[in-house]
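Text of the file coords21.csv, holding CSV, C-alpha atoms:
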chain,number,residue,atom,x,y,z
A,1,MET,CA,-114.0,-51.5,174.7
A,2,LYS,CA,-110.4,-50.1,174.4
A,3,ARG,CA,-110.0,-51.8,171.1
A,4,LEU,CA,-113.1,-49.9,169.8
A,5,VAL,CA,-111.9,-46.6,171.1
A,6,GLY,CA,-108.5,-47.2,169.7
A,7,ALA,CA,-109.8,-48.0,166.3
A,8,ALA,CA,-111.9,-44.9,166.3
A,9,LEU,CA,-109.0,-42.7,167.3
A,10,PHE,CA,-106.8,-44.3,164.7
A,11,GLY,CA,-109.5,-43.6,162.0
A,12,VAL,CA,-109.9,-40.0,163.2
A,13,GLY,CA,-106.1,-39.5,163.1
A,14,VAL,CA,-105.8,-40.8,159.6
A,15,LEU,CA,-108.7,-38.4,158.5
A,16,LEU,CA,-106.9,-35.5,160.2
A,17,ALA,CA,-103.7,-36.4,158.4
A,18,ILE,CA,-105.5,-36.5,155.1
A,19,PHE,CA,-106.9,-33.0,155.8
A,20,ALA,CA,-103.5,-31.7,156.8
A,21,ILE,CA,-102.1,-32.9,153.4
A,22,GLY,CA,-105.1,-31.8,151.4
A,23,LEU,CA,-105.3,-28.2,152.7
A,24,PRO,CA,-102.0,-27.0,151.2
A,25,ALA,CA,-102.4,-29.3,148.2
A,26,TYR,CA,-105.9,-28.5,147.1
A,27,VAL,CA,-107.4,-25.6,149.2
A,28,ALA,CA,-104.3,-23.4,149.3
A,29,PRO,CA,-104.2,-22.8,145.5
A,30,ALA,CA,-107.7,-21.5,145.6
A,31,VAL,CA,-106.9,-18.8,148.2
A,32,THR,CA,-103.6,-17.8,146.7
A,33,GLN,CA,-105.0,-16.5,143.4
A,34,LEU,CA,-107.0,-13.5,142.4
A,35,PRO,CA,-110.8,-14.2,142.9
A,36,TYR,CA,-113.3,-13.4,140.3
A,37,ASP,CA,-115.4,-11.3,142.6
A,38,LEU,CA,-112.7,-9.0,144.0
A,39,GLU,CA,-114.0,-5.7,145.3
A,40,LYS,CA,-113.2,-2.3,143.8
A,41,SER,CA,-110.1,-0.7,145.3
A,42,THR,CA,-108.9,2.9,145.3
A,43,SER,CA,-105.4,4.3,146.0
A,44,VAL,CA,-104.4,8.0,146.4
A,45,ALA,CA,-100.9,9.5,146.1
A,46,GLU,CA,-99.9,13.1,146.5
A,47,ALA,CA,-96.9,15.2,145.5
A,48,SER,CA,-96.3,18.6,147.1
A,49,GLY,CA,-94.3,21.3,145.3
A,50,ALA,CA,-94.5,19.7,141.9
A,51,GLN,CA,-93.9,21.2,138.6
A,52,PHE,CA,-96.3,20.1,135.9
A,53,LEU,CA,-97.6,20.9,132.4
A,54,GLN,CA,-101.2,22.2,132.3
A,55,ILE,CA,-103.1,22.6,129.0
A,56,LYS,CA,-106.3,24.7,129.2
A,57,SER,CA,-108.2,25.9,126.1
A,58,GLY,CA,-105.3,24.9,123.9
A,59,GLN,CA,-102.8,26.9,125.9
A,60,ALA,CA,-99.8,25.1,127.5
A,61,THR,CA,-98.3,26.5,130.7
A,62,VAL,CA,-95.9,25.0,133.4
A,63,GLU,CA,-97.4,25.4,136.8
A,64,SER,CA,-96.2,24.7,140.4
A,65,GLY,CA,-98.2,23.2,143.2
A,66,ALA,CA,-99.5,20.0,144.8
A,67,LEU,CA,-100.9,17.2,142.7
A,68,ARG,CA,-103.1,14.3,143.7
A,69,THR,CA,-103.3,11.1,141.6
A,70,THR,CA,-106.2,8.6,142.2
A,71,VAL,CA,-106.2,5.1,140.8
A,72,GLU,CA,-109.4,3.0,140.8
A,73,VAL,CA,-109.2,-0.7,140.1
A,74,LEU,CA,-112.4,-2.3,139.0
A,75,PRO,CA,-112.3,-6.2,138.6
A,76,ARG,CA,-114.7,-7.2,135.8
A,77,ALA,CA,-116.3,-10.6,136.5
A,78,ARG,CA,-118.5,-10.5,133.5
A,79,GLN,CA,-115.7,-9.7,131.1
A,80,THR,CA,-113.6,-12.3,132.7
A,81,LYS,CA,-116.3,-14.9,132.1
A,82,ASP,CA,-116.9,-13.8,128.5
A,83,LYS,CA,-113.5,-12.9,127.3
A,84,MET,CA,-111.0,-15.2,129.1
A,85,THR,CA,-111.1,-18.2,126.8
A,86,GLY,CA,-108.6,-20.9,125.8
A,87,LYS,CA,-105.5,-20.9,128.0
A,88,LEU,CA,-106.7,-17.8,129.8
A,89,GLU,CA,-109.9,-19.5,131.0
A,90,GLY,CA,-109.7,-20.1,134.8
A,91,ASN,CA,-106.1,-18.6,134.8
A,92,ALA,CA,-106.7,-14.9,134.3
A,93,VAL,CA,-109.0,-12.1,135.3
A,94,VAL,CA,-110.0,-8.8,133.6
A,95,TRP,CA,-109.4,-5.5,135.3
A,96,GLU,CA,-110.4,-2.0,134.3
A,97,VAL,CA,-108.3,0.8,135.8
A,98,TYR,CA,-108.8,4.5,135.8
A,99,GLN,CA,-106.3,7.1,136.9
A,100,ALA,CA,-106.8,10.9,137.2
A,101,VAL,CA,-104.2,13.5,138.2
A,102,ARG,CA,-105.6,16.7,139.6
A,103,ARG,CA,-104.4,19.9,141.3
A,104,VAL,CA,-105.0,19.8,145.0
A,105,ASP,CA,-105.9,23.5,145.2
A,106,ASN,CA,-108.7,23.7,142.7
A,107,GLU,CA,-109.3,20.0,141.6
A,108,GLU,CA,-108.5,20.9,137.9
A,109,LEU,CA,-107.8,17.8,135.9
A,110,ILE,CA,-104.1,17.7,134.6
A,111,ASN,CA,-104.2,14.3,132.9
A,112,ALA,CA,-105.9,11.0,133.0
A,113,TYR,CA,-105.9,7.5,131.5
A,114,SER,CA,-108.1,4.4,131.4
A,115,THR,CA,-107.2,0.8,130.5
A,116,GLU,CA,-108.4,-2.8,130.4
A,117,LEU,CA,-106.1,-5.7,130.8
A,118,ALA,CA,-105.8,-9.3,131.8
A,119,LEU,CA,-103.8,-10.4,134.9
A,120,ASP,CA,-102.6,-13.9,135.8
A,121,ARG,CA,-104.5,-15.0,138.8
A,122,ARG,CA,-101.5,-16.3,140.7
A,123,SER,CA,-98.5,-14.2,139.6
A,124,GLY,CA,-100.4,-10.9,139.3
A,125,ALA,CA,-98.4,-10.2,136.1
A,126,ALA,CA,-100.0,-9.1,132.9
A,127,ALA,CA,-101.4,-12.0,130.8
A,128,ALA,CA,-101.0,-12.1,127.0
A,129,TRP,CA,-104.4,-10.9,125.7
A,130,ASP,CA,-105.1,-9.2,122.4
A,131,GLY,CA,-108.1,-7.5,123.9
A,132,ALA,CA,-106.1,-5.2,126.2
A,133,TRP,CA,-106.4,-1.5,125.5
A,134,LEU,CA,-104.9,1.7,127.0
A,135,LYS,CA,-106.2,5.3,126.4
A,136,ASP,CA,-103.7,7.9,127.5
A,137,GLY,CA,-103.6,10.3,124.6
A,138,THR,CA,-101.1,8.4,122.5
A,139,ASP,CA,-101.5,6.0,119.6
A,140,LEU,CA,-99.3,3.2,121.1
A,141,ALA,CA,-100.5,-0.3,121.9
A,142,PRO,CA,-100.1,-1.1,125.6
A,143,ASP,CA,-97.9,-4.2,125.2
A,144,TYR,CA,-98.5,-5.2,128.8
A,145,SER,CA,-95.9,-7.4,130.5
A,146,GLY,CA,-94.5,-8.0,134.0
A,147,GLN,CA,-96.1,-6.8,137.2
A,148,VAL,CA,-98.6,-4.0,136.7
A,149,TYR,CA,-100.8,-3.3,139.7
A,150,LYS,CA,-99.8,-6.2,141.9
A,151,PHE,CA,-96.9,-8.5,142.8
A,152,PRO,CA,-97.2,-12.4,143.0
A,153,PHE,CA,-98.7,-14.3,145.9
A,154,GLY,CA,-95.7,-15.5,147.8
A,155,THR,CA,-93.5,-12.6,146.6
A,156,GLU,CA,-89.8,-13.5,147.0
A,157,LYS,CA,-86.7,-11.5,147.8
A,158,LYS,CA,-85.6,-11.2,144.1
A,159,SER,CA,-86.0,-8.8,141.2
A,160,TYR,CA,-89.3,-8.6,139.2
A,161,LEU,CA,-90.1,-7.0,136.0
A,162,ALA,CA,-92.6,-4.1,136.5
A,163,TYR,CA,-94.4,-2.3,133.7
A,164,ASP,CA,-93.8,1.3,132.8
A,165,ARG,CA,-96.7,2.9,131.0
A,166,ASP,CA,-94.7,5.8,129.4
A,167,LEU,CA,-92.2,3.3,127.9
A,168,ARG,CA,-94.7,0.6,127.1
A,169,ARG,CA,-92.4,-2.1,128.5
A,170,SER,CA,-91.3,-3.6,131.8
A,171,LEU,CA,-88.0,-3.0,133.6
A,172,PRO,CA,-86.5,-4.6,136.7
A,173,ALA,CA,-87.7,-3.7,140.2
A,174,GLU,CA,-84.9,-4.9,142.5
A,175,PHE,CA,-85.4,-6.2,146.0
A,176,LYS,CA,-83.7,-3.9,148.6
A,177,GLU,CA,-84.8,-4.9,152.1
A,178,GLU,CA,-87.4,-6.3,154.4
A,179,THR,CA,-89.1,-3.8,156.6
A,180,THR,CA,-92.5,-3.1,158.1
A,181,ILE,CA,-95.3,-0.7,157.2
A,182,ASN,CA,-97.8,0.0,160.0
A,183,GLY,CA,-96.6,-3.2,161.7
A,184,VAL,CA,-97.1,-5.3,158.6
A,185,ARG,CA,-94.1,-7.1,157.0
A,186,ALA,CA,-93.1,-5.5,153.7
A,187,TYR,CA,-90.5,-6.2,151.0
A,188,ARG,CA,-89.2,-3.0,149.5
A,189,PHE,CA,-88.4,-3.0,145.8
A,190,GLU,CA,-86.9,-0.2,143.7
A,191,GLN,CA,-87.1,0.4,140.0
A,192,VAL,CA,-84.8,2.9,138.4
A,193,VAL,CA,-85.8,4.0,134.9
A,194,PRO,CA,-82.9,5.7,133.2
A,195,GLU,CA,-83.4,8.8,131.2
A,196,GLN,CA,-84.6,8.1,127.7
A,197,GLN,CA,-86.8,9.5,124.9
A,198,VAL,CA,-90.5,8.8,125.1
A,199,HIS,CA,-93.1,8.8,122.4
A,200,VAL,CA,-95.3,11.9,122.2
A,201,ALA,CA,-97.9,12.5,119.6
A,202,GLU,CA,-96.7,14.9,116.8
A,203,GLU,CA,-99.5,17.4,117.4
A,204,SER,CA,-98.6,17.6,121.1
A,205,VAL,CA,-94.9,18.2,120.3
A,206,LYS,CA,-95.9,21.1,117.9
A,207,LEU,CA,-98.0,22.6,120.7
A,208,LEU,CA,-95.2,22.4,123.2
A,209,LEU,CA,-92.6,23.9,120.7
A,210,SER,CA,-94.9,26.8,119.8
A,211,LYS,CA,-95.1,27.7,123.5
A,212,PHE,CA,-91.7,26.9,124.9
A,213,ALA,CA,-89.3,27.0,121.9
A,214,PRO,CA,-90.8,29.1,119.1
A,215,GLY,CA,-87.7,29.1,117.0
A,216,ALA,CA,-87.3,25.3,117.1
A,217,THR,CA,-88.3,23.0,114.3
A,218,SER,CA,-88.2,19.8,116.2
A,219,GLY,CA,-87.9,18.5,119.7
A,220,GLN,CA,-88.1,15.4,121.9
A,221,VAL,CA,-89.5,14.6,125.3
A,222,PHE,CA,-87.1,12.8,127.7
A,223,TYR,CA,-88.3,10.9,130.8
A,224,ARG,CA,-86.8,9.3,133.8
A,225,THR,CA,-88.2,8.1,137.2
A,226,THR,CA,-87.5,6.1,140.3
A,227,ARG,CA,-90.3,3.9,141.8
A,228,THR,CA,-90.4,2.3,145.2
A,229,PHE,CA,-92.8,-0.5,146.0
A,230,TRP,CA,-93.5,-1.7,149.5
A,231,ILE,CA,-95.1,-5.2,149.0
A,232,GLU,CA,-96.8,-7.5,151.6
A,233,PRO,CA,-95.1,-10.8,150.5
A,234,VAL,CA,-97.9,-13.3,151.3
A,235,THR,CA,-100.5,-11.5,149.2
A,236,GLY,CA,-98.4,-9.4,146.8
A,237,LEU,CA,-100.5,-6.3,147.6
A,238,TYR,CA,-99.1,-2.8,147.6
A,239,LEU,CA,-98.7,-1.4,151.1
A,240,ASP,CA,-97.0,1.8,150.0
A,241,PHE,CA,-95.8,3.3,146.7
A,242,ARG,CA,-93.6,6.2,145.6
A,243,ASP,CA,-93.0,7.5,142.1
A,244,GLN,CA,-90.5,10.3,141.2
A,245,PRO,CA,-91.1,11.2,137.5
A,246,HIS,CA,-89.2,13.8,135.6
A,247,LYS,CA,-90.1,14.9,132.0
A,248,GLU,CA,-88.6,17.7,129.9
A,249,LEU,CA,-88.9,19.0,126.4
A,250,ARG,CA,-85.6,19.3,124.5
A,251,PRO,CA,-85.9,21.4,121.3
A,252,ASN,CA,-83.3,21.5,118.6
A,253,VAL,CA,-83.0,25.2,119.3
A,254,GLY,CA,-83.3,26.8,122.7
A,255,SER,CA,-83.2,25.6,126.3
A,256,PRO,CA,-85.0,22.5,127.7
A,257,THR,CA,-88.3,23.0,129.5
A,258,VAL,CA,-89.3,20.9,132.5
A,259,LEU,CA,-92.8,19.5,131.9
A,260,LEU,CA,-93.1,17.4,135.0
A,261,ASP,CA,-91.1,17.0,138.2
A,262,ALA,CA,-92.9,15.5,141.1
A,263,ASP,CA,-92.5,13.1,144.0
A,264,PHE,CA,-95.7,11.1,144.5
A,265,ARG,CA,-96.3,9.0,147.6
A,266,TYR,CA,-99.3,7.2,149.0
A,267,THR,CA,-101.4,9.2,151.5
A,268,LYS,CA,-101.6,8.0,155.1
A,269,GLU,CA,-105.2,7.0,154.6
A,270,THR,CA,-104.2,4.8,151.6
A,271,VAL,CA,-101.3,3.2,153.5
A,272,THR,CA,-103.6,2.4,156.4
A,273,SER,CA,-106.3,0.9,154.3
A,274,SER,CA,-103.8,-1.0,152.2
A,275,SER,CA,-102.0,-2.4,155.3
A,276,ASN,CA,-105.3,-3.5,157.0
A,277,ARG,CA,-106.5,-5.2,153.8
A,278,ALA,CA,-103.2,-7.0,153.2
A,279,ALA,CA,-102.8,-8.1,156.8
A,280,GLU,CA,-106.3,-9.5,156.9
A,281,ASN,CA,-105.8,-11.4,153.6
A,282,ALA,CA,-102.3,-12.6,154.7
A,283,GLN,CA,-103.7,-14.1,157.9
A,284,LYS,CA,-106.4,-16.0,156.0
A,285,ILE,CA,-103.8,-17.4,153.6
A,286,SER,CA,-101.3,-18.3,156.4
A,287,LEU,CA,-104.1,-20.1,158.3
A,288,VAL,CA,-105.0,-22.3,155.3
A,289,THR,CA,-101.5,-22.9,154.0
A,290,PHE,CA,-99.5,-23.3,157.2
A,291,TRP,CA,-101.3,-23.2,160.6
A,292,LEU,CA,-104.2,-25.4,159.9
A,293,PRO,CA,-102.1,-28.2,158.2
A,294,VAL,CA,-99.6,-28.1,161.1
A,295,ILE,CA,-102.4,-28.2,163.8
A,296,LEU,CA,-104.3,-31.0,162.0
A,297,GLY,CA,-101.1,-32.9,161.3
A,298,VAL,CA,-100.1,-32.8,165.0
A,299,LEU,CA,-103.5,-33.8,166.2
A,300,GLY,CA,-103.7,-36.6,163.6
A,301,LEU,CA,-100.4,-38.0,164.7
A,302,ILE,CA,-101.4,-38.0,168.3
A,303,ALA,CA,-104.7,-39.7,167.6
A,304,ILE,CA,-103.0,-42.3,165.5
A,305,VAL,CA,-100.3,-43.1,168.2
A,306,VAL,CA,-102.9,-43.3,171.0
A,307,GLY,CA,-105.3,-45.3,168.9
A,308,LEU,CA,-102.5,-47.9,168.1
A,309,LEU,CA,-101.5,-48.2,171.7
A,310,LEU,CA,-105.1,-48.8,172.8
A,311,VAL,CA,-105.6,-51.4,170.1
A,312,LEU,CA,-102.4,-53.3,170.8
A,313,ARG,CA,-102.8,-53.2,174.6
A,314,GLY,CA,-106.5,-53.8,174.7
A,315,PRO,CA,-106.7,-57.6,174.6
A,316,ARG,CA,-104.1,-58.2,177.4
A,317,ASP,CA,-105.7,-55.8,179.7
A,318,GLY,CA,-109.2,-57.2,179.0
A,319,ALA,CA,-108.1,-60.8,179.6
A,320,ALA,CA,-106.5,-59.9,183.0
A,321,ARG,CA,-109.6,-57.9,184.0
A,322,HIS,CA,-112.0,-60.8,183.2
A,323,ARG,CA,-109.9,-63.8,184.4
A,324,GLN,CA,-111.8,-65.9,187.1
A,325,PRO,CA,-110.1,-67.2,190.3
A,326,GLU,CA,-108.7,-70.7,189.8
A,327,PRO,CA,-110.5,-73.4,191.8
A,328,ASP,CA,-108.7,-75.1,194.8
A,329,GLN,CA,-107.0,-78.2,193.4
A,330,THR,CA,-106.4,-79.8,196.8
A,331,PRO,CA,-108.1,-83.3,197.1
A,332,VAL,CA,-111.2,-83.3,199.3
A,333,GLY,CA,-109.7,-86.0,201.6
A,334,ALA,CA,-106.5,-84.0,202.1
A,335,ARG,CA,-108.5,-81.0,203.1
A,336,ALA,CA,-110.5,-83.1,205.6
A,337,GLY,CA,-107.3,-84.6,207.0
A,338,ALA,CA,-105.7,-81.2,207.4
A,339,ALA,CA,-108.8,-80.0,209.3
A,340,GLY,CA,-108.7,-83.0,211.6
A,341,ALA,CA,-105.0,-82.5,212.4
A,342,ALA,CA,-105.8,-79.0,213.3
A,343,ASP,CA,-108.5,-80.1,215.7
A,344,ARG,CA,-106.2,-82.6,217.3
A,345,ASP,CA,-103.5,-80.0,217.9
A,346,THR,CA,-106.1,-77.8,219.5
A,347,ALA,CA,-107.3,-80.6,221.8
A,348,VAL,CA,-103.8,-81.0,223.3
A,349,LEU,CA,-103.9,-77.5,224.7
A,350,PRO,CA,-105.6,-77.1,228.1
A,351,SER,CA,-109.1,-75.5,227.9
A,352,VAL,CA,-109.3,-72.0,229.3
A,353,GLY,CA,-112.7,-70.9,230.3
A,354,SER,CA,-114.3,-73.9,228.4
A,355,GLU,CA,-117.8,-74.9,229.2
A,356,ALA,CA,-117.5,-78.3,227.7
A,357,ASP,CA,-117.1,-80.1,231.1
A,358,GLY,CA,-119.9,-78.3,232.8
A,359,ARG,CA,-117.5,-76.4,235.2
A,360,PRO,CA,-117.2,-72.7,235.3
A,361,PRO,CA,-114.0,-71.1,234.2
A,362,SER,CA,-111.4,-71.1,236.9
A,363,ARG,CA,-110.8,-67.8,238.5

Please render this file's structure as structure tokens.
Amino acid sequence: MKRLVGAALFGVGVLLAIFAIGLPAYVAPAVTQLPYDLEKSTSVAEASGAQFLQIKSGQATVESGALRTTVEVLPRARQTKDKMTGKLEGNAVVWEVYQAVRRVDNEELINAYSTELALDRRSGAAAAWDGAWLKDGTDLAPDYSGQVYKFPFGTEKKSYLAYDRDLRRSLPAEFKEETTINGVRAYRFEQVVPEQQVHVAEESVKLLLSKFAPGATSGQVFYRTTRTFWIEPVTGLYLDFRDQPHKELRPNVGSPTVLLDADFRYTKETVTSSSNRAAENAQKISLVTFWLPVILGVLGLIAIVVGLLLVLRGPRDGAARHRQPEPDQTPVGARAGAAGAADRDTAVLPSVGSEADGRPPSR
């Protein structure tokens, strides 16, 4: 019986060991990449005391006040199925993204953009796709590269290239420290975009010059910013985000005019929802990639060892348990002689209380 139990335990142990190896090798890759059916997400950032350009009815003015920017990410499963072909098939997903910047006091729209791009399912970086587009009032192609709306699964403590929409290229975002956001582990990255000229449509430049530098014949718009990303490293999701853009018009005649100076930061509600979502997803990934393999591996090892011990010890224990008593090998005659000798020895002794001679026992 022990041999059967031992063999069964050994088989279960081997099976558990196979599962322990298979989970990180085959299941983990499936949970550490962007799914096709990802739900829509919304993030909101606000900047108080901002200076910003507002154009209404063809008139440009520089205003002051609080701004709110809302970014909506809409994963497109249908477009992914239809448009991700060749090397992109199975490796990239299509997202549509919409951003609107509004005044907090009256909800007036300040600017907006929309885009469609492909993202690598594992790294979260922009995938090379000629179908990408970006509508933001300029005539420039998006040229997406680097991290755009997400960091990689398994984000490391190193620099990553992050995309800048105004410059149409990616620049380094350097790792600064490990910290926590709402109790969730976070890696903080910082991207410093040095001041440089940005492309602005010619008609827009003429409008700005006519308002802010009437005597100028030409001008350029210069831009700089510092971005801070707080990233949950297991999922690569944003926990918090800060952007400090500054833009100004520099005419060939006259003084510069600040067109934008703001400090955007995720709202508390966005940080809370982002932290909860990232923590939940990180736990699921850690369970599949680490805890389950460890638990199954330990249980499998125990089952294998116990099974082997039962199989190896089983035959000896069984033989001992079922062994019959050995028969008495003494010759029959010898046994009889021994019995007679015992009787003779007993007869030598005086009888006490014996009734053999018909007399009562002596008092």

- Using only C-alpha atoms, which residue out of A:Pro35, A:Pro75, A:Pro172, A:Gly183 lies closest to Leu239 (chain A)?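 When distances to Leu239 (chain A) are compared using only C-alpha atoms, the smallest one comes from A:Gly183.
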
- Nearest to Lys87 (chain A), restricted to only C-alpha atoms and choosing among A:Leu259, A:Arg185, A:Asp120, A:Ala66, comes out as A:Asp120

- Message: One decimal, in Å: what's the spacing between CA of Glu156 (chain A) and CA of Gln99 (chain A)?
- Response: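 Separation between CA of Glu156 (chain A) and CA of Gln99 (chain A): 28.3 Å.
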
- Spatial neighbours of Val104 (chain A), 10 Å, all atoms listed in the file, chain gap at least 6 places, as a VMD selection string: chain A and resid 46 to 48 65 to 69

- Just give me the gap between CA of Asn106 (chain A) and CA of Glu63 (chain A) in Å, one decimal is fine. 12.9 Å

- Got a sec: who's within 6 Å of Val94 (chain A), counting only C-alpha atoms, leaving out chain neighbours fewer than 4 positions off, as a list in words?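 Surrounding residues, per the criterion: Arg76, Thr80, Leu117 and Ala118 of chain A.
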
For the residues in that selection, give me C-alpha atoms as a PDB file, in the frame of the given file.
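The resulting file, out_37.pdb, is shown below:
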ATOM      1  CA  ARG A  76    -114.700  -7.200 135.800  1.00  0.00           C
ATOM      2  CA  THR A  80    -113.600 -12.300 132.700  1.00  0.00           C
ATOM      3  CA  LEU A 117    -106.100  -5.700 130.800  1.00  0.00           C
ATOM      4  CA  ALA A 118    -105.800  -9.300 131.800  1.00  0.00           C
TER       5      ALA A 118
END

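Atom to atom, CA of Tyr266 (chain A) and CA of Gln147 (chain A) stand 18.6 Å apart.
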
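Near Lys56 (chain A), within 12 Å and counting only C-alpha atoms, sit Leu53, Gln59, Ala60, Thr61, Val62, Glu63, Glu108, Leu109, Ile110 and Asn111 of chain A; same-chain residues fewer than 3 positions away were not included.
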